[in-house]
file upload-v8.txt (compact mmCIF, C-alpha atoms and all ligand atoms)
# COMPACT_ATOMS: atom_id res chain seq x y z
CA MET A 1 -16.39 20.84 17.23
CA LYS A 2 -14.23 22.86 14.85
CA LYS A 3 -16.19 24.29 11.95
CA THR A 4 -13.71 23.33 9.24
CA LYS A 5 -14.48 19.93 7.79
CA LEU A 6 -11.50 17.81 6.81
CA VAL A 7 -11.38 15.59 3.76
CA VAL A 8 -8.21 13.50 3.80
CA GLY A 9 -7.30 11.30 0.84
CA ASN A 10 -4.94 8.44 1.64
CA TRP A 11 -3.51 7.07 -1.58
CA LYS A 12 -1.66 4.29 0.27
CA MET A 13 0.91 2.57 -2.02
CA ASN A 14 -0.74 3.73 -5.24
CA GLY A 15 0.29 6.19 -7.91
CA LEU A 16 2.94 6.54 -10.59
CA LEU A 17 3.90 9.93 -11.93
CA ASP A 18 1.59 10.26 -14.93
CA ASP A 19 -1.65 8.98 -13.46
CA SER A 20 -1.00 10.92 -10.27
CA LYS A 21 -0.53 14.21 -12.11
CA GLN A 22 -3.82 13.65 -13.88
CA ARG A 23 -5.58 12.78 -10.65
CA ILE A 24 -4.27 15.94 -8.98
CA SER A 25 -5.16 18.23 -11.85
CA GLN A 26 -8.73 16.91 -11.97
CA THR A 27 -9.14 17.43 -8.23
CA LEU A 28 -7.51 20.87 -8.50
CA SER A 29 -9.92 22.06 -11.14
CA PHE A 30 -12.83 21.24 -8.82
CA ILE A 31 -11.12 23.01 -5.93
CA LYS A 32 -10.35 26.12 -7.97
CA LYS A 33 -14.01 26.34 -8.97
CA HIS A 34 -15.12 26.19 -5.33
CA LYS A 35 -12.32 28.26 -3.83
CA LYS A 36 -14.54 30.80 -2.09
CA GLU A 37 -16.83 28.24 -0.48
CA MET A 38 -13.87 26.19 0.64
CA LEU A 39 -12.11 28.94 2.60
CA ASP A 40 -12.75 28.38 6.33
CA ASN A 41 -15.21 25.57 5.61
CA VAL A 42 -13.33 22.62 4.15
CA ASP A 43 -9.68 21.58 4.15
CA VAL A 44 -8.64 18.93 1.65
CA ILE A 45 -5.45 17.01 2.37
CA ILE A 46 -3.92 14.51 -0.04
CA CYS A 47 -1.50 11.92 1.33
CA PRO A 48 0.32 10.43 -1.68
CA PRO A 49 3.27 8.05 -1.49
CA ALA A 50 6.48 9.89 -0.53
CA THR A 51 7.86 9.49 -4.07
CA LEU A 52 5.15 11.83 -5.38
CA LEU A 53 5.35 14.53 -2.74
CA SER A 54 7.52 17.03 -4.57
CA THR A 55 5.53 16.74 -7.81
CA VAL A 56 2.22 17.06 -6.02
CA HIS A 57 3.57 19.92 -3.91
CA GLU A 58 4.61 21.81 -7.02
CA MET A 59 1.14 21.40 -8.47
CA THR A 60 -0.81 22.27 -5.33
CA SER A 61 1.22 24.78 -3.31
CA LYS A 62 -0.68 27.81 -4.60
CA HIS A 63 -4.10 26.25 -4.10
CA LEU A 64 -6.35 25.07 -1.31
CA LEU A 65 -5.08 21.54 -1.48
CA PHE A 66 -2.82 20.47 1.36
CA LEU A 67 -0.32 17.66 1.55
CA GLY A 68 0.13 14.96 4.15
CA GLY A 69 2.46 12.04 4.79
CA GLN A 70 1.25 8.48 5.33
CA ASP A 71 3.72 7.63 8.09
CA CYS A 72 7.05 8.81 9.53
CA HIS A 73 9.90 7.65 11.74
CA THR A 74 10.21 8.63 15.40
CA ASN A 75 13.66 10.17 14.73
CA MET A 76 14.40 13.17 12.55
CA ALA A 77 17.50 11.60 10.94
CA GLY A 78 19.83 8.65 11.31
CA ALA A 79 20.66 5.12 10.23
CA PHE A 80 17.13 3.91 9.52
CA THR A 81 17.22 2.46 6.01
CA GLY A 82 14.02 2.90 4.08
CA ASP A 83 12.39 5.24 6.57
CA ILE A 84 11.33 8.84 6.20
CA SER A 85 11.34 11.54 8.88
CA ALA A 86 8.71 14.09 9.82
CA GLU A 87 11.11 16.92 8.93
CA MET A 88 11.59 15.47 5.45
CA LEU A 89 7.84 15.37 4.95
CA LYS A 90 7.53 18.93 6.17
CA GLU A 91 10.28 20.05 3.78
CA HIS A 92 8.28 18.53 0.93
CA GLY A 93 5.23 20.58 1.73
CA CYS A 94 3.34 18.38 4.19
CA SER A 95 1.28 19.98 6.92
CA SER A 96 0.07 16.76 8.50
CA VAL A 97 0.99 13.08 8.79
CA ILE A 98 -1.20 10.02 9.27
CA VAL A 99 0.19 7.82 12.03
CA GLY A 100 -1.03 4.49 13.34
CA HIS A 101 -3.08 3.55 10.30
CA SER A 102 -4.40 0.00 10.84
CA GLU A 103 -2.30 -1.19 7.88
CA ARG A 104 0.83 0.05 9.69
CA ARG A 105 -0.34 -1.44 12.96
CA PHE A 106 -1.02 -4.79 11.26
CA TYR A 107 1.67 -5.22 8.57
CA HIS A 108 4.45 -3.48 10.52
CA ASN A 109 3.43 -4.52 14.03
CA GLU A 110 3.27 -0.91 15.17
CA SER A 111 2.39 -0.56 18.83
CA ASP A 112 0.47 2.26 20.49
CA GLU A 113 3.71 3.38 22.16
CA LEU A 114 5.54 3.63 18.85
CA ILE A 115 2.64 5.54 17.33
CA ALA A 116 2.70 8.02 20.22
CA LYS A 117 6.39 8.66 19.53
CA LYS A 118 5.72 9.12 15.82
CA GLY A 119 3.01 11.63 16.70
CA GLU A 120 5.52 13.51 18.83
CA ALA A 121 7.92 13.65 15.88
CA VAL A 122 5.11 15.04 13.72
CA HIS A 123 4.45 17.78 16.28
CA LYS A 124 8.13 18.53 16.69
CA ALA A 125 8.35 19.13 12.96
CA GLY A 126 5.44 21.58 13.25
CA MET A 127 2.70 19.48 11.67
CA THR A 128 -0.63 17.96 12.65
CA ALA A 129 -0.77 14.29 13.60
CA ILE A 130 -3.73 12.30 12.31
CA ILE A 131 -3.90 9.38 14.74
CA CYS A 132 -5.89 6.37 13.53
CA VAL A 133 -7.81 4.08 15.82
CA GLY A 134 -10.38 1.35 15.21
CA GLU A 135 -11.46 -2.13 16.19
CA THR A 136 -11.45 -5.40 14.25
CA ALA A 137 -14.68 -7.25 13.37
CA LYS A 138 -13.85 -9.84 16.02
CA GLU A 139 -13.40 -7.22 18.71
CA ARG A 140 -16.71 -5.60 17.77
CA ALA A 141 -18.50 -8.94 17.80
CA ALA A 142 -17.11 -9.56 21.29
CA GLY A 143 -18.49 -6.22 22.50
CA LEU A 144 -15.01 -4.77 22.90
CA ALA A 145 -15.08 -1.98 20.31
CA LYS A 146 -15.17 0.94 22.77
CA LYS A 147 -12.65 -0.63 25.11
CA VAL A 148 -10.18 -1.20 22.27
CA VAL A 149 -10.59 2.29 20.85
CA LYS A 150 -10.26 3.93 24.27
CA ALA A 151 -7.05 2.01 24.97
CA GLN A 152 -5.68 3.02 21.55
CA ILE A 153 -6.45 6.66 22.24
CA MET A 154 -5.00 6.62 25.75
CA ASN A 155 -1.78 4.91 24.63
CA SER A 156 -1.11 6.26 21.16
CA MET A 157 -1.52 9.98 21.76
CA PRO A 158 1.69 12.02 21.54
CA ASN A 159 3.04 13.08 24.94
CA ASP A 160 2.44 16.76 24.35
CA THR A 161 -1.26 16.27 23.58
CA LEU A 162 -2.20 17.69 26.96
CA TYR A 163 -1.17 21.13 25.72
CA ALA A 164 -1.12 20.98 21.95
CA ASP A 165 -4.19 20.99 19.77
CA ASN A 166 -2.50 19.81 16.58
CA THR A 167 -3.85 16.28 16.72
CA VAL A 168 -6.83 14.85 14.85
CA ILE A 169 -8.34 11.44 15.52
CA ALA A 170 -9.50 9.18 12.70
CA TYR A 171 -11.90 6.43 13.70
CA GLU A 172 -11.55 3.66 11.14
CA PRO A 173 -13.23 0.38 12.04
CA ILE A 174 -10.92 -2.15 10.41
CA TRP A 175 -13.81 -4.21 9.04
CA ALA A 176 -15.04 -1.17 7.09
CA ILE A 177 -11.70 -0.38 5.39
CA GLY A 178 -11.67 -1.30 1.71
CA SER A 179 -14.59 -3.67 2.28
CA GLY A 180 -17.43 -1.62 0.84
CA GLN A 181 -19.13 -2.16 4.18
CA THR A 182 -19.53 1.29 5.72
CA ALA A 183 -20.28 1.47 9.42
CA THR A 184 -23.90 2.34 10.22
CA GLN A 185 -25.06 5.68 11.56
CA ALA A 186 -25.47 4.07 14.99
CA ASN A 187 -21.94 2.60 14.87
CA ILE A 188 -20.37 5.89 13.83
CA GLU A 189 -22.30 8.19 16.18
CA GLU A 190 -21.86 5.93 19.17
CA MET A 191 -18.09 5.77 18.66
CA HIS A 192 -17.59 9.41 17.69
CA ASN A 193 -19.58 10.60 20.71
CA PHE A 194 -17.57 8.25 22.88
CA ILE A 195 -14.25 9.49 21.45
CA ARG A 196 -15.38 13.08 22.02
CA GLU A 197 -16.10 12.25 25.68
CA VAL A 198 -12.70 10.60 26.11
CA LEU A 199 -10.96 13.61 24.56
CA GLU A 200 -12.89 16.12 26.67
CA LYS A 201 -11.96 14.28 29.84
CA LYS A 202 -8.36 13.36 29.13
CA TYR A 203 -7.15 15.87 26.56
CA PRO A 204 -8.92 19.20 27.07
CA ALA A 205 -6.71 20.79 24.40
CA LEU A 206 -8.41 18.48 21.91
CA ALA A 207 -11.97 18.94 23.16
CA GLU A 208 -12.93 20.54 19.85
CA THR A 209 -10.66 18.75 17.42
CA GLN A 210 -12.07 17.03 14.37
CA ILE A 211 -12.88 13.34 14.65
CA LEU A 212 -12.71 11.79 11.20
CA TYR A 213 -14.55 8.71 10.04
CA GLY A 214 -12.81 6.32 7.65
CA GLY A 215 -13.88 3.05 6.06
CA SER A 216 -15.48 2.75 2.62
CA VAL A 217 -16.40 6.43 2.35
CA GLN A 218 -17.68 7.05 -1.21
CA GLY A 219 -19.26 9.81 -3.23
CA THR A 220 -22.62 8.15 -2.58
CA ASN A 221 -22.49 7.99 1.23
CA ALA A 222 -20.36 11.01 2.17
CA ALA A 223 -23.24 13.50 2.45
CA GLN A 224 -25.00 11.18 4.87
CA ILE A 225 -21.87 10.58 6.95
CA PHE A 226 -21.22 14.33 7.31
CA LYS A 227 -24.64 14.66 8.95
CA TYR A 228 -23.76 12.33 11.80
CA GLN A 229 -22.97 13.74 15.23
CA ASN A 230 -19.33 14.56 15.90
CA VAL A 231 -18.13 13.72 12.41
CA GLY A 232 -15.64 16.48 11.60
CA GLY A 233 -14.35 14.93 8.43
CA VAL A 234 -13.47 11.78 6.56
CA LEU A 235 -10.37 9.75 5.81
CA VAL A 236 -10.78 8.29 2.36
CA GLY A 237 -8.77 5.45 0.84
CA GLY A 238 -9.99 3.84 -2.40
CA ALA A 239 -12.29 6.68 -3.46
CA SER A 240 -9.47 9.23 -3.15
CA LEU A 241 -7.85 7.58 -6.17
CA LYS A 242 -10.88 8.39 -8.35
CA PRO A 243 -11.15 12.16 -8.80
CA PRO A 244 -14.88 12.25 -9.69
CA GLU A 245 -15.66 10.25 -6.53
CA PHE A 246 -13.26 12.26 -4.41
CA CYS A 247 -14.71 15.54 -5.67
CA LYS A 248 -18.21 14.32 -4.75
CA ILE A 249 -16.93 13.76 -1.22
CA ILE A 250 -15.46 17.29 -1.12
CA GLU A 251 -18.76 18.62 -2.41
CA ALA A 252 -20.59 16.79 0.36
CA ALA A 253 -18.26 18.42 2.89
CA LEU A 254 -18.99 21.83 1.37
CA LYS A 255 -22.71 21.30 1.78
CA ALA A 256 -22.47 19.85 5.29
P1 LIG A 301 -11.13 2.91 2.23
O1 LIG A 301 -9.82 3.11 3.14
O2 LIG A 301 -11.75 4.26 2.05
O3 LIG A 301 -10.62 2.32 0.96
O4 LIG A 301 -12.03 1.99 2.98
C1 LIG A 301 -9.82 3.99 4.22
C2 LIG A 301 -8.46 4.00 4.88
O5 LIG A 301 -7.80 2.96 4.96
O6 LIG A 301 -8.00 5.08 5.33

call {"tool": "encode", "arguments": {"input": "upload-v8.txt", "output": "structure tokens", "more": "lines below"}}
Ligand code: PGA
result
Amino acid sequence: MKKTKLVVGNWKMNGLLDDSKQRISQTLSFIKKHKKEMLDNVDVIICPPATLLSTVHEMTSKHLLFLGGQDCHTNMAGAFTGDISAEMLKEHGCSSVIVGHSERRFYHNESDELIAKKGEAVHKAGMTAIICVGETAKERAAGLAKKVVKAQIMNSMPNDTLYADNTVIAYEPIWAIGSGQTATQANIEEMHNFIREVLEKKYPALAETQILYGGSVQGTNAAQIFKYQNVGGVLVGGASLKPPEFCKIIEAALKA
């Protein structure tokens, strides 16, 4: 497993200019204080709405705070009203893009095949794809969690994954997202170990990539989660909007 821990903050559709600037400057002051410890140990990536990218980029470009997109189109340009391309995200300072988040899969009917193509666009633009997978509560109750996650991995990986190592997997059980119900140690380790096995067998280039956990990660449980086997980072939703909470999560990554 790669040594660098990843802390990814997904702001989703939240943030107007003023509150976002405040949020970033609070997080930045923590990061500046811990600059030395962070180098080589922890990467923090903020994924704000696209409307905030240039402002956040201006504030963060000289510091150890990286930018990510929340989604992108499969094409680099064209007649796709309302969409945003991977190249546009890159031009605004992004180094990675989340694709296949369960909210995109659910509200926008995104299929594994579409997600794979989006991942390819992310790679083509020279960025890292953060591919999200995870089962519903119903699928878990039916004993299908591993089967569902394996199928998502097999079908939503970008085509070039066999050779390229710029892909990260985020395991986010849907029932744990925004619910306050974090998956247990057993749930997380079982799935992360399983994902690692799948990657080692099918995508040797990704044998060491980080596998992130997402779903109700908070300042209070992050330190614990970082101790679990094969957890290379976290994807944080709600808590990434509260700088004191988010900084506690970064601190937990620093101590992991
Ligand atoms: P949450 O969201 O931390 O609010 O549960 C996680 C996510 O959707 O990435």

call {"tool": "residues_near_ligand", "arguments": {"input": "upload-v8.txt", "ligand": "ligand LIG 301 (chain A)", "cutoff": "7 Å", "atoms": "only C-alpha atoms and all ligand atoms", "output": "list in words"}}
result
Asn10, Glu172, Ala176, Ile177, Gly178, Ser179, Gly180, Gly214, Gly215, Ser216, Val217, Leu235, Val236, Gly237, Gly238 and Ala239 of chain A

call {"tool": "write_last_selection", "arguments": {"input": "upload-v8.txt", "atoms": "C-alpha atoms", "output": "PDB file, in the frame of the given file"}}
result
ATOM      1  CA  ASN A  10      -4.940   8.440   1.640  1.00  0.00           C
ATOM      2  CA  GLU A 172     -11.550   3.660  11.140  1.00  0.00           C
ATOM      3  CA  ALA A 176     -15.040  -1.170   7.090  1.00  0.00           C
ATOM      4  CA  ILE A 177     -11.700  -0.380   5.390  1.00  0.00           C
ATOM      5  CA  GLY A 178     -11.670  -1.300   1.710  1.00  0.00           C
ATOM      6  CA  SER A 179     -14.590  -3.670   2.280  1.00  0.00           C
ATOM      7  CA  GLY A 180     -17.430  -1.620   0.840  1.00  0.00           C
ATOM      8  CA  GLY A 214     -12.810   6.320   7.650  1.00  0.00           C
ATOM      9  CA  GLY A 215     -13.880   3.050   6.060  1.00  0.00           C
ATOM     10  CA  SER A 216     -15.480   2.750   2.620  1.00  0.00           C
ATOM     11  CA  VAL A 217     -16.400   6.430   2.350  1.00  0.00           C
ATOM     12  CA  LEU A 235     -10.370   9.750   5.810  1.00  0.00           C
ATOM     13  CA  VAL A 236     -10.780   8.290   2.360  1.00  0.00           C
ATOM     14  CA  GLY A 237      -8.770   5.450   0.840  1.00  0.00           C
ATOM     15  CA  GLY A 238      -9.990   3.840  -2.400  1.00  0.00           C
ATOM     16  CA  ALA A 239     -12.290   6.680  -3.460  1.00  0.00           C
TER      17      ALA A 239
END

call {"tool": "residues_around", "arguments": {"input": "upload-v8.txt", "residues": "segment 64-71 of chain A", "least_positions_apart": "4", "cutoff": "6 Å", "atoms": "only C-alpha atoms", "output": "ChimeraX atom specification"}}
result
/A:44-47,60,94-99

call {"tool": "residues_near_point", "arguments": {"input": "upload-v8.txt", "point": "(-22.2, 18.3, 9.3)", "cutoff": "7 Å", "atoms": "all atoms listed in the file", "output": "PyMOL selection string"}}
result
chain A and resi 226-228+231+256

call {"tool": "residues_around", "arguments": {"input": "upload-v8.txt", "residues": "Leu206 of chain A", "least_positions_apart": "3", "cutoff": "10 Å", "atoms": "all atoms listed in the file", "output": "VMD selection string"}}
result
chain A and resid 1 161 to 169 196 198 to 203 209 to 211

call {"tool": "atom_distance", "arguments": {"input": "upload-v8.txt", "atom1": "atom CA of Ile115 of chain A", "atom2": "atom CA of Val148 of chain A"}}
result
15.3 Å

call {"tool": "closest_residue", "arguments": {"input": "upload-v8.txt", "among": "A:Gln229, A:Ser111, A:Ser156, A:Asn14", "to": "Ile131 of chain A", "atoms": "all atoms listed in the file"}}
result
A:Ser156

call {"tool": "closest_residue", "arguments": {"input": "upload-v8.txt", "among": "A:Gly119, A:Gly232, A:Gly219, A:Gly82", "to": "Ile249 of chain A", "atoms": "all atoms listed in the file"}}
result
A:Gly219

call {"tool": "closest_residue", "arguments": {"input": "upload-v8.txt", "among": "A:Pro243, A:Thr184, A:Ile195, A:Gly100", "to": "Ile225 of chain A", "atoms": "all atoms listed in the file"}}
result
A:Thr184

call {"tool": "decode", "arguments": {"input": "upload-v8.txt", "residues": "segment 215-228 of chain A", "atoms": "all heavy atoms", "output": "short mmCIF file (atom, residue, chain, number, x, y, z; two decimals), in the first residue's frame"}}
result
data_model
loop_
_atom_site.label_atom_id
_atom_site.label_comp_id
_atom_site.auth_asym_id
_atom_site.auth_seq_id
_atom_site.Cartn_x
_atom_site.Cartn_y
_atom_site.Cartn_z
N GLY A 215 -18.06 7.40 4.03
CA GLY A 215 -19.37 7.13 4.63
C GLY A 215 -19.35 7.51 6.09
O GLY A 215 -18.87 6.74 6.92
N SER A 216 -19.82 8.75 6.37
CA SER A 216 -19.90 9.26 7.75
C SER A 216 -18.55 9.27 8.47
O SER A 216 -18.47 8.98 9.66
CB SER A 216 -20.94 8.48 8.55
OG SER A 216 -22.22 8.65 7.98
N VAL A 217 -17.49 9.61 7.74
CA VAL A 217 -16.19 9.81 8.41
C VAL A 217 -16.25 11.16 9.13
O VAL A 217 -16.69 12.17 8.56
CB VAL A 217 -15.02 9.80 7.39
CG1 VAL A 217 -13.70 10.10 8.08
CG2 VAL A 217 -14.97 8.47 6.65
N GLN A 218 -15.83 11.17 10.38
CA GLN A 218 -15.89 12.38 11.23
C GLN A 218 -14.55 12.56 11.94
O GLN A 218 -13.76 11.62 11.96
CB GLN A 218 -16.96 12.20 12.34
CG GLN A 218 -18.27 11.61 11.92
CD GLN A 218 -19.20 12.63 11.26
OE1 GLN A 218 -19.00 13.84 11.42
NE2 GLN A 218 -20.18 12.15 10.52
N GLY A 219 -14.42 13.70 12.59
CA GLY A 219 -13.23 13.93 13.40
C GLY A 219 -13.10 12.88 14.50
O GLY A 219 -12.00 12.50 14.90
N THR A 220 -14.23 12.39 14.98
CA THR A 220 -14.20 11.45 16.11
C THR A 220 -13.88 10.00 15.71
O THR A 220 -13.43 9.23 16.55
CB THR A 220 -15.58 11.44 16.81
OG1 THR A 220 -16.58 11.36 15.80
CG2 THR A 220 -15.79 12.68 17.65
N ASN A 221 -14.11 9.62 14.47
CA ASN A 221 -13.84 8.21 14.13
C ASN A 221 -12.68 8.02 13.14
O ASN A 221 -12.29 6.90 12.83
CB ASN A 221 -15.12 7.52 13.60
CG ASN A 221 -15.67 8.21 12.34
OD1 ASN A 221 -14.96 8.94 11.67
ND2 ASN A 221 -16.93 7.96 12.03
N ALA A 222 -12.13 9.14 12.65
CA ALA A 222 -11.10 9.02 11.59
C ALA A 222 -9.87 8.26 12.08
O ALA A 222 -9.35 7.39 11.37
CB ALA A 222 -10.72 10.41 11.10
N ALA A 223 -9.40 8.56 13.30
CA ALA A 223 -8.16 7.93 13.77
C ALA A 223 -8.33 6.41 13.79
O ALA A 223 -7.42 5.67 13.40
CB ALA A 223 -7.82 8.45 15.17
N GLN A 224 -9.49 5.98 14.22
CA GLN A 224 -9.80 4.55 14.27
C GLN A 224 -9.77 3.95 12.85
O GLN A 224 -9.16 2.93 12.61
CB GLN A 224 -11.20 4.40 14.91
CG GLN A 224 -11.46 3.07 15.56
CD GLN A 224 -10.38 2.69 16.56
OE1 GLN A 224 -9.90 3.55 17.30
NE2 GLN A 224 -9.99 1.44 16.55
N ILE A 225 -10.46 4.64 11.95
CA ILE A 225 -10.59 4.13 10.57
C ILE A 225 -9.21 4.00 9.90
O ILE A 225 -8.95 3.04 9.19
CB ILE A 225 -11.55 5.03 9.75
CG1 ILE A 225 -12.98 4.87 10.31
CG2 ILE A 225 -11.52 4.70 8.27
CD1 ILE A 225 -14.00 5.85 9.77
N PHE A 226 -8.33 4.96 10.18
CA PHE A 226 -6.99 4.89 9.57
C PHE A 226 -6.20 3.68 10.04
O PHE A 226 -5.22 3.28 9.42
CB PHE A 226 -6.20 6.18 9.84
CG PHE A 226 -6.53 7.27 8.86
CD1 PHE A 226 -7.12 8.45 9.28
CD2 PHE A 226 -6.26 7.11 7.51
CE1 PHE A 226 -7.43 9.45 8.38
CE2 PHE A 226 -6.57 8.11 6.59
CZ PHE A 226 -7.16 9.28 7.04
N LYS A 227 -6.61 3.10 11.18
CA LYS A 227 -5.87 1.93 11.68
C LYS A 227 -6.28 0.65 10.97
O LYS A 227 -5.61 -0.36 11.07
CB LYS A 227 -6.15 1.75 13.18
CG LYS A 227 -5.51 2.81 14.04
CD LYS A 227 -5.49 2.38 15.50
CE LYS A 227 -4.91 3.49 16.35
NZ LYS A 227 -5.85 3.97 17.35
N TYR A 228 -7.40 0.66 10.29
CA TYR A 228 -7.89 -0.57 9.68
C TYR A 228 -7.02 -0.99 8.49
O TYR A 228 -6.45 -0.15 7.79
CB TYR A 228 -9.35 -0.40 9.21
CG TYR A 228 -10.33 -0.05 10.30
CD1 TYR A 228 -11.58 0.49 9.99
CD2 TYR A 228 -10.03 -0.27 11.65
CE1 TYR A 228 -12.49 0.82 10.98
CE2 TYR A 228 -10.94 0.06 12.64
CZ TYR A 228 -12.16 0.61 12.30
OH TYR A 228 -13.06 0.94 13.28
#
